[in-house]
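Q: Structure provided below as structure tokens; questions to follow.
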Amino acid sequence: MIPVRPRHPQTNFAPSAEGLKCLSSMLAVLDDEPLLVLHRPTGTGYQVRIGGIGDNFQLHTLLAHVLIGGGHLPGTAPSADSVHLASDPAPADGSRSGTVATGAFELFGADGTRIWNEGTPDDIPVIDGHRLLVLDEPSHARSWNADRFFPMLPGRADLLRVLPAEETHAWLARTTTG
């Protein structure tokens, strides 16, 4: 029997599992997406606009930068290096920088479901037309490599407004703890 040869032997058209994960993650990247962020310990709320964020590690870093670094929440802001790696418009070189980011929050959906750093902002549930993220105190210290998942895609998180207390309390009343 004569073996069948591929039409283009130098090209492998079978996608790898890693390649599919990257494609799936890229397609899930939100752009110009409004996000309601509630900080349960202080009872405060914020409207943020995010874009270009490849995973929730990057989201976590940028939210901590905007909310803690901006003086809205207590805690330790992320390092300038980790914020630079998450948001710099210049493409990252793709190598490991060795910069470490530390977690300032636990991330939850309104229903109390944990939003894992390994996921994407697209995992945050939409409640009545609003993507709603609840921040809680971290249950333990955690850190991660601050390099972004997509080196060519800078992320951003812009604070649009601080929610009035009444609006924040109305949203918090619709949430449950994990």
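Labels for the structure tokens follow display order: chains A, B, ..., residues from 1 in each chain, ligands from 1.
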List the spatial neighbours of Ala173 of chain A as number ranges by chain - criterion: any atom at most 12 Å away, only C-alpha atoms, same-chain residues fewer than 2 positions off excluded.
A: A: 38, 40, 43, 110-111, 134, 166-171, 175-177
Q: Quick one: write out the picked residues with all heavy atoms as an mmCIF file, in the first residue's frame?
A:
data_model
loop_
_atom_site.group_PDB
_atom_site.id
_atom_site.type_symbol
_atom_site.label_atom_id
_atom_site.label_comp_id
_atom_site.auth_asym_id
_atom_site.auth_seq_id
_atom_site.Cartn_x
_atom_site.Cartn_y
_atom_site.Cartn_z
ATOM 1 N N LEU A 38 -17.390 46.586 42.963
ATOM 2 C CA LEU A 38 -17.829 46.846 44.324
ATOM 3 C C LEU A 38 -16.773 46.324 45.287
ATOM 4 O O LEU A 38 -16.340 45.188 45.157
ATOM 5 C CB LEU A 38 -19.163 46.148 44.599
ATOM 6 C CG LEU A 38 -20.303 46.439 43.632
ATOM 7 C CD1 LEU A 38 -21.519 45.605 43.997
ATOM 8 C CD2 LEU A 38 -20.637 47.925 43.594
ATOM 9 N N ARG A 40 -16.456 45.198 48.794
ATOM 10 C CA ARG A 40 -17.321 44.826 49.919
ATOM 11 C C ARG A 40 -16.813 45.351 51.274
ATOM 12 O O ARG A 40 -17.595 45.886 52.059
ATOM 13 C CB ARG A 40 -17.499 43.308 49.965
ATOM 14 C CG ARG A 40 -18.599 42.884 50.924
ATOM 15 C CD ARG A 40 -18.757 41.376 51.039
ATOM 16 N NE ARG A 40 -18.756 40.628 49.815
ATOM 17 C CZ ARG A 40 -19.819 40.449 49.028
ATOM 18 N NH1 ARG A 40 -20.965 40.998 49.338
ATOM 19 N NH2 ARG A 40 -19.726 39.714 47.945
ATOM 20 N N GLY A 43 -17.610 49.059 51.357
ATOM 21 C CA GLY A 43 -18.942 49.439 50.896
ATOM 22 C C GLY A 43 -18.915 50.498 49.820
ATOM 23 O O GLY A 43 -19.861 51.273 49.673
ATOM 24 N N ALA A 110 -21.265 38.504 41.290
ATOM 25 C CA ALA A 110 -22.353 38.930 42.176
ATOM 26 C C ALA A 110 -22.974 37.756 42.926
ATOM 27 O O ALA A 110 -23.462 37.916 44.049
ATOM 28 C CB ALA A 110 -23.422 39.668 41.377
ATOM 29 N N ASP A 111 -22.932 36.562 42.328
ATOM 30 C CA ASP A 111 -23.530 35.380 42.960
ATOM 31 C C ASP A 111 -22.590 34.687 43.935
ATOM 32 O O ASP A 111 -22.903 33.627 44.467
ATOM 33 C CB ASP A 111 -23.995 34.390 41.899
ATOM 34 C CG ASP A 111 -22.845 33.829 41.067
ATOM 35 O OD1 ASP A 111 -21.682 34.274 41.231
ATOM 36 O OD2 ASP A 111 -23.108 32.947 40.235
ATOM 37 N N VAL A 134 -17.105 41.879 42.312
ATOM 38 C CA VAL A 134 -17.048 42.190 43.742
ATOM 39 C C VAL A 134 -15.638 41.879 44.240
ATOM 40 O O VAL A 134 -15.113 40.786 44.009
ATOM 41 C CB VAL A 134 -18.089 41.357 44.531
ATOM 42 C CG1 VAL A 134 -18.010 41.679 46.015
ATOM 43 C CG2 VAL A 134 -19.497 41.614 43.988
ATOM 44 N N GLU A 166 -25.726 55.391 47.662
ATOM 45 C CA GLU A 166 -27.017 54.730 47.459
ATOM 46 C C GLU A 166 -26.945 53.711 46.319
ATOM 47 O O GLU A 166 -27.501 52.612 46.416
ATOM 48 C CB GLU A 166 -28.130 55.748 47.127
ATOM 49 C CG GLU A 166 -28.204 56.978 48.007
ATOM 50 C CD GLU A 166 -27.162 58.043 47.663
ATOM 51 O OE1 GLU A 166 -26.993 58.442 46.492
ATOM 52 O OE2 GLU A 166 -26.465 58.470 48.603
ATOM 53 N N GLU A 167 -26.301 54.088 45.237
ATOM 54 C CA GLU A 167 -26.167 53.175 44.092
ATOM 55 C C GLU A 167 -25.312 51.969 44.464
ATOM 56 O O GLU A 167 -25.645 50.824 44.131
ATOM 57 C CB GLU A 167 -25.567 53.920 42.893
ATOM 58 C CG GLU A 167 -25.513 53.082 41.641
ATOM 59 C CD GLU A 167 -24.948 53.828 40.438
ATOM 60 O OE1 GLU A 167 -24.665 55.052 40.536
ATOM 61 O OE2 GLU A 167 -24.782 53.179 39.387
ATOM 62 N N THR A 168 -24.223 52.213 45.186
ATOM 63 C CA THR A 168 -23.352 51.123 45.628
ATOM 64 C C THR A 168 -24.121 50.151 46.517
ATOM 65 O O THR A 168 -24.050 48.936 46.330
ATOM 66 C CB THR A 168 -22.131 51.675 46.384
ATOM 67 O OG1 THR A 168 -21.399 52.536 45.526
ATOM 68 C CG2 THR A 168 -21.227 50.554 46.866
ATOM 69 N N HIS A 169 -24.872 50.683 47.476
ATOM 70 C CA HIS A 169 -25.624 49.817 48.398
ATOM 71 C C HIS A 169 -26.692 49.011 47.650
ATOM 72 O O HIS A 169 -26.933 47.850 47.982
ATOM 73 C CB HIS A 169 -26.224 50.629 49.536
ATOM 74 C CG HIS A 169 -25.181 51.221 50.444
ATOM 75 N ND1 HIS A 169 -24.201 50.463 51.051
ATOM 76 C CD2 HIS A 169 -24.946 52.496 50.818
ATOM 77 C CE1 HIS A 169 -23.410 51.242 51.768
ATOM 78 N NE2 HIS A 169 -23.840 52.486 51.641
ATOM 79 N N ALA A 170 -27.311 49.621 46.636
ATOM 80 C CA ALA A 170 -28.314 48.895 45.844
ATOM 81 C C ALA A 170 -27.665 47.730 45.102
ATOM 82 O O ALA A 170 -28.226 46.622 45.046
ATOM 83 C CB ALA A 170 -29.006 49.849 44.872
ATOM 84 N N TRP A 171 -26.475 47.945 44.546
ATOM 85 C CA TRP A 171 -25.766 46.848 43.853
ATOM 86 C C TRP A 171 -25.290 45.808 44.855
ATOM 87 O O TRP A 171 -25.398 44.607 44.604
ATOM 88 C CB TRP A 171 -24.597 47.395 43.032
ATOM 89 C CG TRP A 171 -25.008 48.001 41.732
ATOM 90 C CD1 TRP A 171 -24.972 49.328 41.390
ATOM 91 C CD2 TRP A 171 -25.515 47.317 40.587
ATOM 92 N NE1 TRP A 171 -25.434 49.506 40.118
ATOM 93 C CE2 TRP A 171 -25.774 48.278 39.594
ATOM 94 C CE3 TRP A 171 -25.782 45.982 40.300
ATOM 95 C CZ2 TRP A 171 -26.272 47.955 38.344
ATOM 96 C CZ3 TRP A 171 -26.281 45.652 39.052
ATOM 97 C CH2 TRP A 171 -26.531 46.619 38.087
ATOM 98 N N THR A 175 -25.848 41.124 45.759
ATOM 99 C CA THR A 175 -24.732 40.170 45.757
ATOM 100 C C THR A 175 -24.822 39.214 46.932
ATOM 101 O O THR A 175 -25.510 39.504 47.916
ATOM 102 C CB THR A 175 -23.369 40.909 45.805
ATOM 103 O OG1 THR A 175 -23.222 41.536 47.080
ATOM 104 C CG2 THR A 175 -23.246 41.945 44.696
ATOM 105 N N THR A 176 -24.140 38.109 46.808
ATOM 106 C CA THR A 176 -24.003 37.147 47.911
ATOM 107 C C THR A 176 -22.531 36.871 48.128
ATOM 108 O O THR A 176 -21.712 37.096 47.230
ATOM 109 C CB THR A 176 -24.734 35.820 47.610
ATOM 110 O OG1 THR A 176 -24.167 35.247 46.433
ATOM 111 C CG2 THR A 176 -26.216 36.040 47.399
ATOM 112 N N THR A 177 -22.183 36.409 49.296
ATOM 113 C CA THR A 177 -20.784 36.084 49.578
ATOM 114 C C THR A 177 -20.487 34.662 49.115
ATOM 115 O O THR A 177 -21.390 33.834 49.013
ATOM 116 C CB THR A 177 -20.472 36.216 51.078
ATOM 117 O OG1 THR A 177 -21.362 35.382 51.800
ATOM 118 C CG2 THR A 177 -20.616 37.639 51.531
#
Q: What's around Glu137 of chain A at 10 Å? Count only C-alpha atoms, leave out sequence neighbours fewer than 6 positions away in its own chain, and write the answer as a list in words.
A: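 Those residues are His39, Arg40, Pro41, Gly103, Ala104, Phe105, Glu106 and Leu107 of chain A.
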Q: Put those residues in a file: N, CA, C and O atoms, as an mmCIF file, in the first residue's frame.
A:
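Now in selection05.cif:
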data_model
loop_
_atom_site.group_PDB
_atom_site.id
_atom_site.type_symbol
_atom_site.label_atom_id
_atom_site.label_comp_id
_atom_site.auth_asym_id
_atom_site.auth_seq_id
_atom_site.Cartn_x
_atom_site.Cartn_y
_atom_site.Cartn_z
ATOM 1 N N HIS A 39 -16.373 47.151 46.237
ATOM 2 C CA HIS A 39 -15.411 46.726 47.249
ATOM 3 C C HIS A 39 -16.193 46.475 48.532
ATOM 4 O O HIS A 39 -16.593 47.417 49.240
ATOM 5 N N ARG A 40 -16.456 45.198 48.794
ATOM 6 C CA ARG A 40 -17.321 44.826 49.919
ATOM 7 C C ARG A 40 -16.813 45.351 51.274
ATOM 8 O O ARG A 40 -17.595 45.886 52.059
ATOM 9 N N PRO A 41 -15.508 45.253 51.595
ATOM 10 C CA PRO A 41 -15.059 45.685 52.928
ATOM 11 C C PRO A 41 -15.319 47.163 53.231
ATOM 12 O O PRO A 41 -15.577 47.524 54.373
ATOM 13 N N GLY A 103 -1.334 40.155 45.041
ATOM 14 C CA GLY A 103 -2.783 40.291 45.062
ATOM 15 C C GLY A 103 -3.274 41.177 46.185
ATOM 16 O O GLY A 103 -2.842 41.046 47.328
ATOM 17 N N ALA A 104 -4.188 42.074 45.848
ATOM 18 C CA ALA A 104 -4.768 42.964 46.837
ATOM 19 C C ALA A 104 -6.199 42.569 47.184
ATOM 20 O O ALA A 104 -6.749 43.072 48.163
ATOM 21 N N PHE A 105 -6.797 41.687 46.364
ATOM 22 C CA PHE A 105 -8.214 41.372 46.504
ATOM 23 C C PHE A 105 -8.478 39.890 46.261
ATOM 24 O O PHE A 105 -7.655 39.196 45.681
ATOM 25 N N GLU A 106 -9.679 39.468 46.638
ATOM 26 C CA GLU A 106 -10.304 38.248 46.126
ATOM 27 C C GLU A 106 -11.346 38.759 45.144
ATOM 28 O O GLU A 106 -12.055 39.730 45.437
ATOM 29 N N LEU A 107 -11.467 38.130 43.994
ATOM 30 C CA LEU A 107 -12.418 38.552 42.973
ATOM 31 C C LEU A 107 -13.612 37.605 42.972
ATOM 32 O O LEU A 107 -13.440 36.385 42.924
#
Q: At a cut-off of 10 Å, using only C-alpha atoms, what residues contact Ser82 of chain A? Leave out same-chain residues fewer than 3 positions from it and give the result as a list of chain:residue names.
A: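 Contacts, in chain order: A:Gln58, A:Thr61, A:Leu62, A:His65, A:Pro78, A:Ser79, A:Leu85, A:Ala86, A:Ser87, A:Asp88, A:Ser97, A:Gly98, A:Thr99, A:Val100, A:Ala101, A:Thr102, A:Asn145, A:Ala146, A:Asp147, A:Arg148.
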Q: Where does DSSP see strand (DSSP E) in chain A, if you list the residues as a PyMOL selection string?
A: chain A and resi 33-39+44-51+100-102+106-108+126-127+130-136+143-145+156-162
Q: With only C-alpha atoms as the basis for distance, which of A:Cys22, A:Pro89, A:Ser143, A:Leu132 is at the shortest distance from Pro34 of chain A?
A: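 Nearest to Pro34 of chain A: A:Leu132.
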Q: Just the residues within 10 Å of segment 23-31 of chain A, please, counting only C-alpha atoms, with nothing from its chain fewer than 5 positions along; format it as number ranges by chain.
A: A: 17-18, 49-55, 119-123, 149-150, 153, 155-156
Q: Dump N, CA, C and O atoms for the selected residues as a CSV table (one decimal), in the first residue's frame?
A:
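What follows is the written file selection-v1.csv:
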chain,number,residue,atom,x,y,z
A,17,ALA,N,-3.5,22.2,21.4
A,17,ALA,CA,-4.4,22.6,22.5
A,17,ALA,C,-4.0,24.0,23.0
A,17,ALA,O,-4.8,24.8,23.3
A,18,GLU,N,-2.6,24.2,23.0
A,18,GLU,CA,-2.2,25.5,23.5
A,18,GLU,C,-2.6,26.6,22.5
A,18,GLU,O,-3.0,27.7,22.9
A,49,ARG,N,-13.7,51.4,33.0
A,49,ARG,CA,-13.7,51.0,31.6
A,49,ARG,C,-12.4,50.2,31.4
A,49,ARG,O,-11.4,50.7,31.7
A,50,ILE,N,-12.6,49.0,30.9
A,50,ILE,CA,-11.4,48.1,30.7
A,50,ILE,C,-11.2,47.8,29.2
A,50,ILE,O,-12.2,47.8,28.5
A,51,GLY,N,-10.0,47.4,28.8
A,51,GLY,CA,-9.8,47.0,27.5
A,51,GLY,C,-8.4,46.4,27.3
A,51,GLY,O,-7.5,46.7,28.1
A,52,GLY,N,-8.3,45.4,26.4
A,52,GLY,CA,-7.0,44.9,26.1
A,52,GLY,C,-6.4,44.0,27.2
A,52,GLY,O,-5.2,43.7,27.2
A,53,ILE,N,-7.2,43.5,28.1
A,53,ILE,CA,-6.7,42.7,29.2
A,53,ILE,C,-6.8,41.2,28.9
A,53,ILE,O,-7.9,40.7,28.7
A,54,GLY,N,-5.7,40.5,28.9
A,54,GLY,CA,-5.6,39.2,28.5
A,54,GLY,C,-6.0,38.1,29.5
A,54,GLY,O,-6.3,37.0,29.2
A,55,ASP,N,-5.9,38.5,30.8
A,55,ASP,CA,-6.2,37.6,31.9
A,55,ASP,C,-6.6,38.4,33.1
A,55,ASP,O,-6.4,39.6,33.2
A,119,GLY,N,-8.4,33.1,34.8
A,119,GLY,CA,-9.5,33.3,33.8
A,119,GLY,C,-9.3,34.7,33.1
A,119,GLY,O,-8.2,35.3,33.1
A,120,THR,N,-10.4,35.1,32.4
A,120,THR,CA,-10.4,36.4,31.7
A,120,THR,C,-11.5,37.2,32.2
A,120,THR,O,-12.4,36.8,32.8
A,121,PRO,N,-11.4,38.6,32.0
A,121,PRO,CA,-12.5,39.4,32.4
A,121,PRO,C,-13.8,39.0,31.8
A,121,PRO,O,-14.9,39.3,32.4
A,122,ASP,N,-13.8,38.3,30.7
A,122,ASP,CA,-15.1,37.8,30.1
A,122,ASP,C,-15.8,36.8,31.0
A,122,ASP,O,-17.0,36.6,30.9
A,123,ASP,N,-15.1,36.3,32.0
A,123,ASP,CA,-15.7,35.4,33.0
A,123,ASP,C,-16.6,36.1,34.0
A,123,ASP,O,-17.4,35.5,34.7
A,149,PHE,N,-0.2,38.3,29.4
A,149,PHE,CA,-0.4,37.1,28.6
A,149,PHE,C,-0.2,37.4,27.1
A,149,PHE,O,0.4,36.5,26.4
A,150,PHE,N,-0.7,38.5,26.6
A,150,PHE,CA,-0.5,38.9,25.2
A,150,PHE,C,0.5,40.0,25.2
A,150,PHE,O,0.1,41.2,25.4
A,153,LEU,N,-0.4,43.3,23.4
A,153,LEU,CA,-1.7,43.9,23.7
A,153,LEU,C,-1.6,44.6,25.1
A,153,LEU,O,-1.7,43.9,26.1
A,155,GLY,N,-3.0,46.5,28.3
A,155,GLY,CA,-4.3,46.6,28.9
A,155,GLY,C,-4.5,48.0,29.5
A,155,GLY,O,-3.6,48.7,29.7
A,156,ARG,N,-5.8,48.2,29.8
A,156,ARG,CA,-6.1,49.5,30.5
A,156,ARG,C,-7.3,49.3,31.3
A,156,ARG,O,-8.2,48.5,31.1
Q: With distances taken over only C-alpha atoms, which of A:Trp116, A:Ala64, A:Ile124, A:Arg161 is nearest to Ala77 of chain A?
A: A:Ala64
